[in-house]
Structure formats: C-alpha cells, structure tokens
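Asker: Structure supplied as input-v9.txt; contents: compact mmCIF, C-alpha atoms.
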# COMPACT_ATOMS: atom_id res chain seq x y z
CA MET A 1446 157.27 96.68 97.03
CA GLY A 1447 154.61 96.04 99.65
CA SER A 1448 155.53 94.57 103.03
CA SER A 1449 158.18 92.15 104.13
CA ASN A 1450 157.62 88.51 105.12
CA SER A 1451 158.26 89.34 108.78
CA GLU A 1452 155.46 91.91 108.67
CA GLN A 1453 153.14 89.30 107.14
CA GLU A 1454 153.96 86.91 109.98
CA ASN A 1455 153.02 89.67 112.42
CA ASN A 1456 149.57 89.89 110.82
CA SER A 1457 150.18 93.51 109.81
CA LEU A 1458 148.87 93.11 106.28
CA SER A 1459 145.31 93.93 105.29
CA ALA A 1460 145.63 93.17 101.56
CA CYS A 1461 147.76 91.27 99.11
CA THR A 1462 148.14 90.65 95.40
CA ILE A 1463 148.08 87.09 94.06
CA SER A 1464 149.51 86.22 90.64
CA ARG A 1465 152.01 84.00 88.86
CA ASP A 1466 154.51 86.88 88.95
CA ILE A 1467 153.62 90.30 90.29
CA GLN A 1468 156.42 91.84 88.19
CA ASN A 1469 154.19 91.27 85.14
CA PHE A 1470 151.73 93.79 86.62
CA ASP A 1471 153.86 96.81 87.41
CA LEU A 1472 150.90 99.21 87.29
CA LEU A 1473 149.18 97.12 89.94
CA ILE A 1474 152.23 97.46 92.19
CA GLU A 1475 152.07 101.26 91.88
CA ASP A 1476 148.34 101.41 92.53
CA MET A 1477 148.55 99.08 95.55
CA GLU A 1478 151.28 101.24 97.06
CA THR A 1479 149.13 104.33 96.48
CA ALA A 1480 146.01 102.75 97.98
CA MET A 1481 147.51 100.69 100.84
CA GLY A 1482 150.96 102.17 101.54
CA ASP A 1483 153.13 99.44 103.08
CA ASN A 1484 150.17 97.48 104.38
CA TRP A 1485 150.11 94.89 101.60
CA GLY A 1486 152.11 91.98 100.27
CA ALA A 1487 152.45 89.76 97.21
CA LEU A 1488 151.92 86.01 96.92
CA ASN A 1489 151.95 83.51 94.09
CA PHE A 1490 149.06 81.06 93.70
CA ALA A 1491 150.71 78.20 95.63
CA GLU A 1492 151.61 80.51 98.53
CA ALA A 1493 148.09 81.92 98.55
CA LEU A 1494 146.44 78.51 98.91
CA ALA A 1495 148.75 77.71 101.81
CA PHE A 1496 148.13 81.12 103.38
CA PHE A 1497 144.35 80.66 103.40
CA ASN A 1498 144.77 77.52 105.46
CA GLN A 1499 146.15 79.69 108.27
CA PRO A 1500 143.87 81.50 110.80
CA GLU A 1501 145.59 84.87 110.23
CA SER A 1502 144.17 84.97 106.69
CA GLU A 1503 140.85 86.02 108.23
CA GLU A 1504 142.45 89.39 109.09
CA MET A 1505 142.80 90.28 105.40
CA GLU A 1506 140.50 92.99 104.07
CA PHE A 1507 140.82 91.97 100.41
CA ILE A 1508 143.02 90.25 97.85
CA ALA A 1509 143.70 91.35 94.28
CA ILE A 1510 144.05 88.39 91.91
CA ALA A 1511 145.91 89.38 88.73
CA ILE A 1512 145.72 87.11 85.68
CA ASP A 1513 146.48 87.33 81.96
CA GLU A 1514 146.15 85.11 78.89
CA SER A 1515 148.89 82.78 80.19
CA ASP A 1516 146.65 81.77 83.09
CA GLU A 1517 143.81 80.61 80.84
CA ASN A 1518 145.44 77.20 80.42
CA ASP A 1519 144.26 76.34 83.92
CA MET A 1520 141.64 78.68 85.39
CA SER A 1521 140.95 76.23 88.19
CA ILE A 1522 143.91 77.59 90.19
CA PRO A 1523 142.65 81.20 90.44
CA GLY A 1524 139.22 79.72 91.07
CA GLU A 1525 140.53 77.72 94.03
CA VAL A 1526 142.10 80.87 95.47
CA ILE A 1527 138.79 82.75 95.17
CA VAL A 1528 136.89 79.94 96.89
CA ALA A 1529 139.51 79.80 99.65
CA ALA A 1530 139.32 83.57 100.16
CA LYS A 1531 135.53 83.59 100.32
CA SER A 1532 135.59 80.77 102.87
CA ARG A 1533 137.56 83.18 105.08
CA GLU A 1534 135.16 86.04 104.21
CA VAL A 1535 137.93 87.93 102.42
CA LYS A 1536 136.87 90.21 99.54
CA VAL A 1537 138.27 89.52 96.06
CA ILE A 1538 139.16 92.02 93.33
CA LEU A 1539 139.80 90.34 89.98
CA ILE A 1540 142.30 92.09 87.67
CA ALA A 1541 142.57 90.63 84.17
CA GLU A 1542 144.43 91.34 80.94
CA ASP A 1543 143.46 89.69 77.62
CA VAL A 1544 141.30 87.06 79.32
CA SER A 1545 138.21 85.66 77.57
CA PRO A 1546 134.71 86.67 78.77
CA THR A 1547 133.99 83.01 79.51
CA SER A 1548 136.89 82.79 81.96
CA LEU A 1549 135.93 86.07 83.60
CA HIS A 1550 132.33 84.92 84.00
CA GLN A 1551 133.52 81.67 85.57
CA LEU A 1552 135.66 83.47 88.16
CA LEU A 1553 132.93 85.99 88.96
CA ARG A 1554 130.50 83.13 89.52
CA GLN A 1555 132.98 81.58 91.95
CA GLY A 1556 132.77 84.67 94.15
CA ALA A 1557 134.96 87.54 92.92
CA ASP A 1558 133.46 90.79 94.24
CA GLU A 1559 134.91 93.32 91.78
CA PHE A 1560 136.48 93.24 88.30
CA VAL A 1561 139.04 95.73 87.01
CA PRO A 1562 140.70 95.46 83.55
CA TYR A 1563 144.46 95.66 83.12
CA PRO A 1564 146.19 97.99 82.29
CA LEU A 1565 144.44 99.66 85.19
CA PRO A 1566 142.41 102.78 84.34
CA GLU A 1567 143.40 105.76 86.46
CA ASN A 1568 142.11 105.50 90.06
CA GLU A 1569 140.02 102.43 89.19
CA LEU A 1570 141.67 100.17 91.79
CA GLN A 1571 140.99 102.72 94.52
CA ALA A 1572 137.40 103.02 93.30
CA ALA A 1573 136.97 99.22 93.53
CA ILE A 1574 138.38 99.22 97.08
CA ASP A 1575 136.02 102.05 98.04
CA ARG A 1576 133.04 100.11 96.66
CA LEU A 1577 133.97 97.06 98.74
CA ARG A 1578 134.25 99.16 101.89
CA ARG A 1579 130.99 100.99 101.19
CA ARG A 1580 129.24 97.66 100.65
CA ASP A 1581 130.51 96.38 104.00
CA THR A 1582 129.23 99.51 105.72
CA GLU A 1583 125.77 99.08 104.19
CA VAL A 1584 125.60 95.45 105.31
CA GLN A 1585 126.60 96.44 108.85
CA ILE A 1586 123.88 99.08 108.93
CA MET A 1587 121.32 96.55 107.75
CA GLN A 1588 122.44 93.95 110.28
CA GLN A 1589 122.09 96.50 113.07
CA GLY A 1590 118.61 97.53 111.98
CA ALA A 1591 115.30 95.78 112.13
CA ALA A 1592 115.19 95.06 108.41
CA PHE A 1593 117.21 91.88 108.77
CA ASP A 1594 116.30 90.90 112.30
CA ALA A 1595 116.06 87.12 112.50
CA SER A 1596 112.72 87.51 114.25
CA GLY A 1597 111.42 89.77 111.48
CA PRO A 1598 108.55 89.18 109.09
CA ALA A 1599 108.03 85.96 107.19
CA ASN A 1600 104.75 84.97 105.59
CA ASP A 1601 102.93 88.02 107.00
CA SER A 1602 104.78 90.34 104.62
CA VAL A 1603 102.69 92.34 102.16
CA VAL A 1604 103.68 92.39 98.48
CA LEU A 1605 102.38 95.34 96.45
CA ALA A 1606 103.10 95.47 92.72
CA VAL A 1607 102.83 98.54 90.49
CA GLN A 1608 102.58 98.50 86.69
CA GLY A 1609 101.78 101.26 84.26
CA ILE A 1610 99.20 100.38 81.66
CA ALA A 1611 100.74 102.92 79.31
CA GLY A 1612 103.90 105.00 79.24
CA GLY A 1613 103.95 108.13 81.38
CA THR A 1614 101.13 107.14 83.72
CA GLY A 1615 103.29 107.67 86.81
CA ALA A 1616 103.84 104.05 87.85
CA THR A 1617 107.40 104.49 89.14
CA THR A 1618 106.59 107.81 90.81
CA PHE A 1619 103.70 106.07 92.56
CA ALA A 1620 105.82 103.02 93.55
CA VAL A 1621 108.71 105.09 94.92
CA ASN A 1622 106.54 107.45 96.95
CA LEU A 1623 104.26 104.68 98.22
CA ALA A 1624 107.32 102.77 99.43
CA TRP A 1625 108.69 105.88 101.15
CA GLU A 1626 105.37 106.71 102.81
CA LEU A 1627 105.05 103.14 104.11
CA ALA A 1628 108.59 103.32 105.50
CA ASN A 1629 107.57 106.46 107.44
CA VAL A 1630 103.95 105.59 108.22
CA SER A 1631 104.66 105.14 111.94
CA LYS A 1632 107.13 107.12 114.04
CA ASP A 1633 107.05 104.73 116.97
CA ASN A 1634 107.25 101.43 115.11
CA PRO A 1635 107.99 102.01 111.41
CA PRO A 1636 107.66 98.93 109.20
CA SER A 1637 110.61 97.69 107.15
CA VAL A 1638 110.15 98.30 103.43
CA CYS A 1639 111.95 96.96 100.35
CA LEU A 1640 111.47 98.36 96.84
CA LEU A 1641 112.33 96.04 93.92
CA ASP A 1642 112.92 97.65 90.51
CA LEU A 1643 112.19 94.85 88.04
CA SER A 1644 112.28 97.06 84.99
CA LEU A 1645 115.64 95.75 83.76
CA GLN A 1646 115.81 98.06 80.76
CA THR A 1647 114.44 101.44 81.75
CA GLY A 1648 114.10 101.21 85.54
CA THR A 1649 114.39 104.65 87.13
CA VAL A 1650 113.91 103.95 90.85
CA ALA A 1651 117.64 104.59 91.36
CA THR A 1652 117.30 107.96 89.64
CA TYR A 1653 114.23 108.98 91.65
CA LEU A 1654 116.06 108.20 94.92
CA ASP A 1655 119.58 109.25 93.85
CA LEU A 1656 121.02 105.77 94.40
CA PRO A 1657 123.98 104.11 92.64
CA ARG A 1658 123.38 101.36 90.09
CA ARG A 1659 125.81 98.57 90.86
CA ASP A 1660 127.22 95.68 88.83
CA ILE A 1661 126.42 93.30 91.68
CA VAL A 1662 122.74 93.55 90.69
CA TYR A 1663 123.53 91.88 87.38
CA GLU A 1664 125.53 89.21 89.20
CA LEU A 1665 122.56 88.55 91.51
CA TRP A 1666 120.13 88.08 88.62
CA SER A 1667 122.67 85.92 86.77
CA ASP A 1668 122.64 83.28 89.49
CA THR A 1669 119.73 83.57 91.91
CA GLU A 1670 120.15 79.90 92.89
CA ALA A 1671 123.38 80.83 94.68
CA MET A 1672 121.71 83.73 96.51
CA ASP A 1673 121.65 83.69 100.29
CA ASP A 1674 120.87 86.31 102.94
CA VAL A 1675 124.35 87.82 102.75
CA ILE A 1676 124.38 88.17 98.97
CA PHE A 1677 120.90 89.68 98.99
CA LYS A 1678 121.92 92.19 101.69
CA GLN A 1679 124.98 93.23 99.73
CA THR A 1680 122.91 93.92 96.62
CA LEU A 1681 120.48 96.31 98.29
CA VAL A 1682 121.18 100.01 98.76
CA SER A 1683 119.42 102.24 101.26
CA HIS A 1684 117.77 105.64 101.04
CA GLU A 1685 118.35 107.44 104.33
CA GLU A 1686 118.58 104.05 106.07
CA LYS A 1687 114.79 103.74 105.99
CA LEU A 1688 114.00 102.30 102.57
CA TRP A 1689 115.97 99.42 101.04
CA VAL A 1690 116.12 99.18 97.26
CA LEU A 1691 117.11 96.59 94.67
CA THR A 1692 117.86 98.90 91.76
CA ALA A 1693 117.81 98.06 88.08
CA PRO A 1694 121.21 96.95 86.69
CA PRO A 1695 123.55 99.65 85.32
CA ASP A 1696 123.23 98.27 81.76
CA ILE A 1697 120.14 97.53 79.68
CA LEU A 1698 119.31 93.83 79.85
CA PRO A 1699 116.73 91.76 77.95
CA LEU A 1700 113.55 91.19 79.93
CA ASP A 1701 113.69 87.46 79.20
CA MET A 1702 117.11 87.20 80.84
CA ILE A 1703 115.40 86.36 84.13
CA THR A 1704 112.93 83.54 84.67
CA PRO A 1705 109.82 83.17 86.82
CA GLU A 1706 111.95 81.10 89.21
CA ASP A 1707 114.48 83.94 89.52
CA VAL A 1708 111.76 86.46 90.31
CA SER A 1709 110.09 84.12 92.78
CA ARG A 1710 113.36 83.65 94.68
CA ILE A 1711 113.99 87.41 94.90
CA VAL A 1712 110.45 88.23 96.03
CA GLU A 1713 110.43 85.46 98.62
CA MET A 1714 113.82 86.53 99.94
CA ALA A 1715 112.52 90.09 100.32
CA ARG A 1716 109.37 88.81 102.06
CA ARG A 1717 111.49 86.97 104.61
CA HIS A 1718 113.13 90.19 105.76
CA PHE A 1719 110.67 93.03 105.19
CA ASP A 1720 107.15 93.95 106.25
CA TYR A 1721 106.35 95.47 102.85
CA VAL A 1722 107.77 94.57 99.44
CA ILE A 1723 106.95 97.03 96.65
CA VAL A 1724 107.59 95.73 93.12
CA ASP A 1725 107.98 98.25 90.30
CA MET A 1726 107.13 96.24 87.19
CA PRO A 1727 108.15 96.87 83.57
CA GLY A 1728 105.52 98.25 81.23
CA SER A 1729 105.45 95.01 79.21
CA LEU A 1730 103.84 91.73 80.18
CA VAL A 1731 106.56 89.08 80.52
CA LEU A 1732 106.80 85.42 81.51
CA TRP A 1733 107.21 86.34 85.15
CA THR A 1734 104.34 88.86 85.36
CA GLU A 1735 102.18 85.94 86.47
CA THR A 1736 104.71 85.16 89.23
CA VAL A 1737 104.42 88.64 90.71
CA LEU A 1738 100.64 88.72 90.24
CA HIS A 1739 100.27 85.55 92.30
CA ALA A 1740 102.71 86.78 94.98
CA ALA A 1741 101.11 90.21 95.38
CA GLN A 1742 98.17 90.96 97.63
CA ILE A 1743 97.42 94.04 95.49
CA TYR A 1744 98.51 94.73 91.91
CA PHE A 1745 98.22 98.47 91.28
CA THR A 1746 97.75 99.45 87.64
CA THR A 1747 98.19 103.11 86.74
CA LEU A 1748 96.27 104.67 83.85
CA GLU A 1749 95.12 108.05 82.62
CA LEU A 1750 91.89 109.47 81.33
CA ASP A 1751 92.66 108.87 77.65
CA MET A 1752 91.96 106.40 74.85
CA ARG A 1753 95.30 104.57 74.98
CA SER A 1754 94.83 103.76 78.67
CA ALA A 1755 91.27 102.61 78.07
CA GLN A 1756 92.28 100.34 75.21
CA ASN A 1757 95.23 98.88 77.12
CA ALA A 1758 93.07 98.27 80.20
CA LEU A 1759 90.67 96.30 78.05
CA ARG A 1760 93.50 94.28 76.51
CA LEU A 1761 95.02 93.60 79.93
CA LYS A 1762 91.71 92.31 81.27
CA ARG A 1763 91.30 90.01 78.28
CA ALA A 1764 94.84 88.67 78.64
CA LEU A 1765 94.42 87.87 82.34
CA LYS A 1766 91.03 86.25 81.83
CA ALA A 1767 92.35 84.13 78.98
CA GLU A 1768 95.06 82.73 81.26
CA GLU A 1769 92.66 82.43 84.21
CA LEU A 1770 94.85 84.71 86.32
CA PRO A 1771 93.57 86.48 89.48
CA ILE A 1772 92.22 89.63 87.84
CA GLU A 1773 90.52 90.56 91.13
CA LYS A 1774 93.92 91.63 92.48
CA LEU A 1775 94.07 94.56 90.05
CA ARG A 1776 93.51 97.99 91.55
CA PHE A 1777 93.21 100.68 88.88
CA CYS A 1778 94.84 104.00 89.83
CA LEU A 1779 93.91 107.05 87.80
CA ASN A 1780 96.87 109.38 87.37
CA ARG A 1781 96.23 113.12 86.96
CA ALA A 1782 92.68 112.62 88.19
CA PRO A 1783 90.25 115.54 87.81
CA ARG A 1784 89.91 117.96 90.70
CA PHE A 1785 87.00 117.80 93.11
CA THR A 1786 85.28 120.70 91.40
CA ASP A 1787 85.81 119.32 87.87
CA LEU A 1788 82.36 117.77 87.41
CA SER A 1789 82.91 117.18 83.70
CA GLY A 1790 86.14 115.31 84.38
CA LYS A 1791 84.52 113.20 87.10
CA SER A 1792 81.74 112.31 84.67
CA ARG A 1793 84.33 111.13 82.13
CA VAL A 1794 85.98 108.94 84.77
CA LYS A 1795 82.65 107.35 85.61
CA ARG A 1796 81.86 106.67 81.94
CA MET A 1797 85.29 105.14 81.32
CA ALA A 1798 84.98 102.86 84.36
CA GLU A 1799 81.51 101.74 83.31
CA SER A 1800 82.49 101.07 79.70
CA LEU A 1801 85.56 99.04 80.77
CA GLU A 1802 83.67 97.34 83.60
CA ILE A 1803 86.35 98.29 86.10
CA SER A 1804 86.46 100.21 89.35
CA VAL A 1805 88.85 103.15 89.59
CA GLU A 1806 89.59 102.82 93.29
CA VAL A 1807 92.55 105.20 93.58
CA GLN A 1808 92.49 108.68 92.06
CA LEU A 1809 95.85 110.44 92.11
CA PRO A 1810 95.72 114.22 91.57
CA ASP A 1811 98.11 116.04 89.27
CA GLY A 1812 101.17 117.01 91.30
CA GLY A 1813 102.41 119.55 88.75
CA ARG A 1814 106.03 120.53 88.24
CA ALA A 1815 106.98 119.35 91.74
CA ILE A 1816 106.85 115.75 90.50
CA MET A 1817 109.50 116.29 87.86
CA GLN A 1818 111.62 118.38 90.21
CA ALA A 1819 111.55 115.71 92.92
CA GLY A 1820 112.58 113.07 90.39
CA ASP A 1821 115.41 115.22 89.05
CA HIS A 1822 116.69 115.86 92.58
CA GLY A 1823 116.41 112.19 93.56
CA THR A 1824 114.16 112.72 96.57
CA PRO A 1825 110.65 111.54 97.53
CA LEU A 1826 107.81 114.07 97.39
CA ALA A 1827 107.55 114.03 101.19
CA THR A 1828 111.02 115.60 101.34
CA THR A 1829 110.69 118.28 98.67
CA ALA A 1830 106.94 118.95 98.48
CA ALA A 1831 105.21 117.61 101.57
CA LYS A 1832 101.99 119.57 100.91
CA ASN A 1833 101.74 118.51 97.28
CA PRO A 1834 98.26 117.03 96.59
CA LEU A 1835 99.73 113.87 95.02
CA ARG A 1836 101.98 113.31 98.01
CA ARG A 1837 99.05 113.73 100.40
CA GLU A 1838 96.95 111.21 98.49
CA ILE A 1839 99.75 108.62 98.45
CA ALA A 1840 100.38 109.22 102.17
CA LYS A 1841 96.68 108.59 102.91
CA LEU A 1842 96.79 105.41 100.84
CA ALA A 1843 99.90 104.18 102.68
CA ALA A 1844 98.27 104.89 106.04
CA SER A 1845 95.11 103.00 105.09
CA LEU A 1846 97.10 100.03 103.75
CA HIS A 1847 99.14 99.87 106.94
CA GLU A 1848 96.05 100.15 109.13
CA LEU A 1849 94.32 97.42 107.16
CA GLY A 1850 97.39 95.21 107.48
CA ASN A 1851 97.48 95.70 111.25
CA GLU A 1852 93.79 94.83 111.53
CA ASP A 1853 94.31 91.62 109.54
CA ALA A 1854 97.27 90.72 111.74
CA GLU A 1855 95.23 91.26 114.92
CA GLU A 1856 92.39 89.11 113.58
CA ALA A 1857 94.82 86.35 112.68
CA ALA A 1858 96.30 86.51 116.18
As structure tokens, how would this structure be written, given the file I've shared?

Answerer:
Amino acid sequence: MGSSNSEQENNSLSACTISRDIQNFDLLIEDMETAMGDNWGALNFAEALAFFNQPESEEMEFIAIAIDESDENDMSIPGEVIVAAKSREVKVILIAEDVSPTSLHQLLRQGADEFVPYPLPENELQAAIDRLRRRDTEVQIMQQGAAFDASGPANDSVVLAVQGIAGGTGATTFAVNLAWELANVSKDNPPSVCLLDLSLQTGTVATYLDLPRRDIVYELWSDTEAMDDVIFKQTLVSHEEKLWVLTAPPDILPLDMITPEDVSRIVEMARRHFDYVIVDMPGSLVLWTETVLHAAQIYFTTLELDMRSAQNALRLKRALKAEELPIEKLRFCLNRAPRFTDLSGKSRVKRMAESLEISVEVQLPDGGRAIMQAGDHGTPLATTAAKNPLRREIAKLAASLHELGNEDAEEAA
C-alpha cells in the first residue's frame, strides 16, 4: 500500500491519505494506487500534524482526509490538519462516510478544496484530482497574463450591468457578446474583461460559453468575507484565455442567499483586477440590485416592442424613483429592433419611448437562428456568425464604449 517510510523521507511522495486508520477505507487505498501508483503514503492525524511542521511537506500536491461518523466526536483534529495543509499551500480532498452536513460544512469552510463521499463512486477520486490540477493550471495562466497584474486597473475600471425587463429579451446574449467584443476590441492592447453571472437560479452564461459550473462558486458566495485574490482567481474560468467568467453555481440557489455586502465584495474584487466588469443580473429585483446599480457606470435594460416590456419599464421606473435610486444610469436596449426600412416599426418605437418618457438609446437587430445556434454551441457570435447584424451592432457598441473610456482616462490624466 502506497510508499515506504524511506521513500517519504526522500521527498518522493506527492500525495498522502490522512485518517484514523486507512484500513477502514479500503476503496480509497485502491483508488489512490490507481491514481498515484506508488507515489503516495498514509498518515494518521498525529503524524500528519507533525509532518506539516517539516519543510518537505510543501512538496505535496494534495492530501486526502478520510473521516467517518467516529470522527465526529472531535472534528477539530481534521480541521487542524486542513489548516496546516493550507498553510503549506497543499490541496485538500475531503472524503467522508456518514458524516453530518454541519461537520462537512465546517471542514469545507476551513479550506478543503474538494469533497467526495465514501464509498467512493467510480472514478470520482480521479475526477477530483483532475479538477484540482485544472484549477492550478487556470490560476497559473491568469497569473501570467495581464488580468491579475499587480499594476492593473483599480478605480478606473468600468462596471456595466445588464438586466432584462422581461423574459426572453436577450439580456444574457447581450451581456456575453458585449463582454467578448470588449475583450477583443483592441488587437494591440486588449483590455481585461470579467463577466459575472449573478443569476443564481437560471444563469446561462456558462452554457453560452461552454464553461463548467463548479462547486467552488457556491463556496465563494457562502463566505465572501474570507475571499482573497487567490480564492477569487480559483473561482473564475476562462473562455479562450481572453474572457474571465464567474459562472452561476451548479445548483439552483435562492436569490436572497447572498447579501448586498457579498455582491459589493465580488464586484470590487473584480474591479481591482479587470478593466471591464460585466454583470449579468437576474430578471427579478433583489436586495442587492441597488448595490450593482450604484457600482455600475451604465445599467443596460433590455426590452422588446411589446406591451409586457412597456408595462415593466414603467414599473421599473416607478420603483427606482420611489427609492431615489440613480435612474439616469439606465440605458434601454431594444431587442429585435425594426429594420432600417421598417418605417411602421420605427414609428412604434418612437411612440413607445414617448409614452414611457424614456430614450431607447441602443437598438439591437434580430439576429435570427444564428443566435440560438451560437448559444447551443457555446460560442460568441463573433466566432460563429461574425457578419450577423446583431453581432455587428454589439461590436460597434463595444468599440464606442472603449473609445469613450479612453477619452475619459486621457482627460483625467
């Protein structure tokens, strides 16, 4: 089983299991041998604490802590091991059998990176190891790039929020493609762009960009006070190493699970590292809508040329005025806008704007079937339908926003 003590002394191990008695977890022994060959060892909790006081512990890739109901009498011991491992920047996989959700939550909060139930599902340990390695690779890419350069943007970052005023008005399509166009707006000096999917229940940014939804997103939202640069980096995933995305969690969560303080911390963290922060908002108004509205320079609101959009626009205006919120930040975007030659349609747009006392500043043409196809394939419009009229309009908007931002920066200088 695993490696000998002499091999451990020679720093040949890259992983180890930690438990009261590894013989109680025979399936873990088999899976570790499959995943790591002879390059692993086994320690009990006392040996582990002593081991992490030695410099060679920093050479470990990960540890797998195995616990069962017998360990619940004193969860502080596994917790101490997790803290010791994280202090050495060693990844932690938590393997538990018949342990209460409260105990699991406590250990995850202390820094465990992955959780796998015991008995181990087939290939699940290897999958957890692969996720840890993939996460490390993503962080290395980000550290090498400009997105997390210490001299990067701070208070000059631009926050752009997008919210649909009714279902199916293209808010997420607009947010995703605007973010992608901004990330590619300049070939010589492209800005860094982060896209935040704050629709915790039905967020589809991950689908539109073919990105994985990871459990670490839930862990981030569960304790934003503990968030630092490293944790934030680990939570983001990239699309073609140009656009960085905080996806929605893999499971549906209540919108009131997060607070205005949570949202403020995430947005400010993104602002510290990116030139542009695009926020895809849920369709409902929530406690933290005000937080994003205050943080954003522009709050895009998508609507269509129909009664439901008109009524909701009126209700939104009344709600913001009643709370004395900055309604002047709203920019109404008409989805499926009439064509240039559709004079009747243009007349309807004008009448709707006048009756609602709003200005429809952005008119997005109907992109047709290409929109659905791009979403199904998980690619931006620029990749699959570069000449699509909707893509061209969003590209022009991104270029004008970037040009305006550069002019403001030059005036401030």

Asker: Applying 9 Å and only C-alpha atoms, which residues near stretch 1507-1511 of chain A remain after dropping the ones on its own chain fewer than 3 positions away? List them as a ChimeraX atom specification.

Answerer: /A:1459-1467,1470,1473,1523,1526-1527,1530,1535-1542,1563,1574,1577

Asker: One decimal, in Å: what's the spacing between atom CA of A:Leu1570 and atom CA of A:Asp1471?

Answerer: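 Separation of atom CA of A:Leu1570 and atom CA of A:Asp1471: 13.4 Å.
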
Asker: What does the distance between atom CA of A:Tyr1663 and atom CA of A:Val1724 come to in Å, to one decimal place?

Answerer: 17.4 Å

Asker: Given all atoms listed in the file as the basis, pick out the residue of A:Gln1571, A:Ser1800, A:Ser1502, A:Thr1647 nearest to A:Glu1559.

Answerer: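 Residue with the minimum atom-to-atom distance to A:Glu1559: A:Gln1571.
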
Asker: Which one is closest to A:Leu1730: A:Asn1757, A:Ser1683, A:Thr1547, A:Ser1804? Count only C-alpha atoms.

Answerer: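 The answer is A:Asn1757, which sits nearest to A:Leu1730.
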
Asker: Quick one, how far is atom CA of A:Pro1810 from atom CA of A:Leu1643?

Answerer: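 We find that atom CA of A:Pro1810 and atom CA of A:Leu1643 lie 25.7 Å from each other.
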
Asker: Tell me which of A:Asp1811, A:Glu1525, A:Asp1558, A:Glu1567 sits closest to A:Gln1679, counting all atoms listed in the file.

Answerer: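 Ranked by minimum distance to A:Gln1679, first place goes to A:Asp1558.
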
Asker: Quick one: residues within 10 Å of A:Leu1761, all atoms listed in the file, excluding same-chain residues fewer than 5 positions away - as an MDAnalysis selection string?

Answerer: chainID A and resid 1610 1730 1755:1756 1766:1767 1772
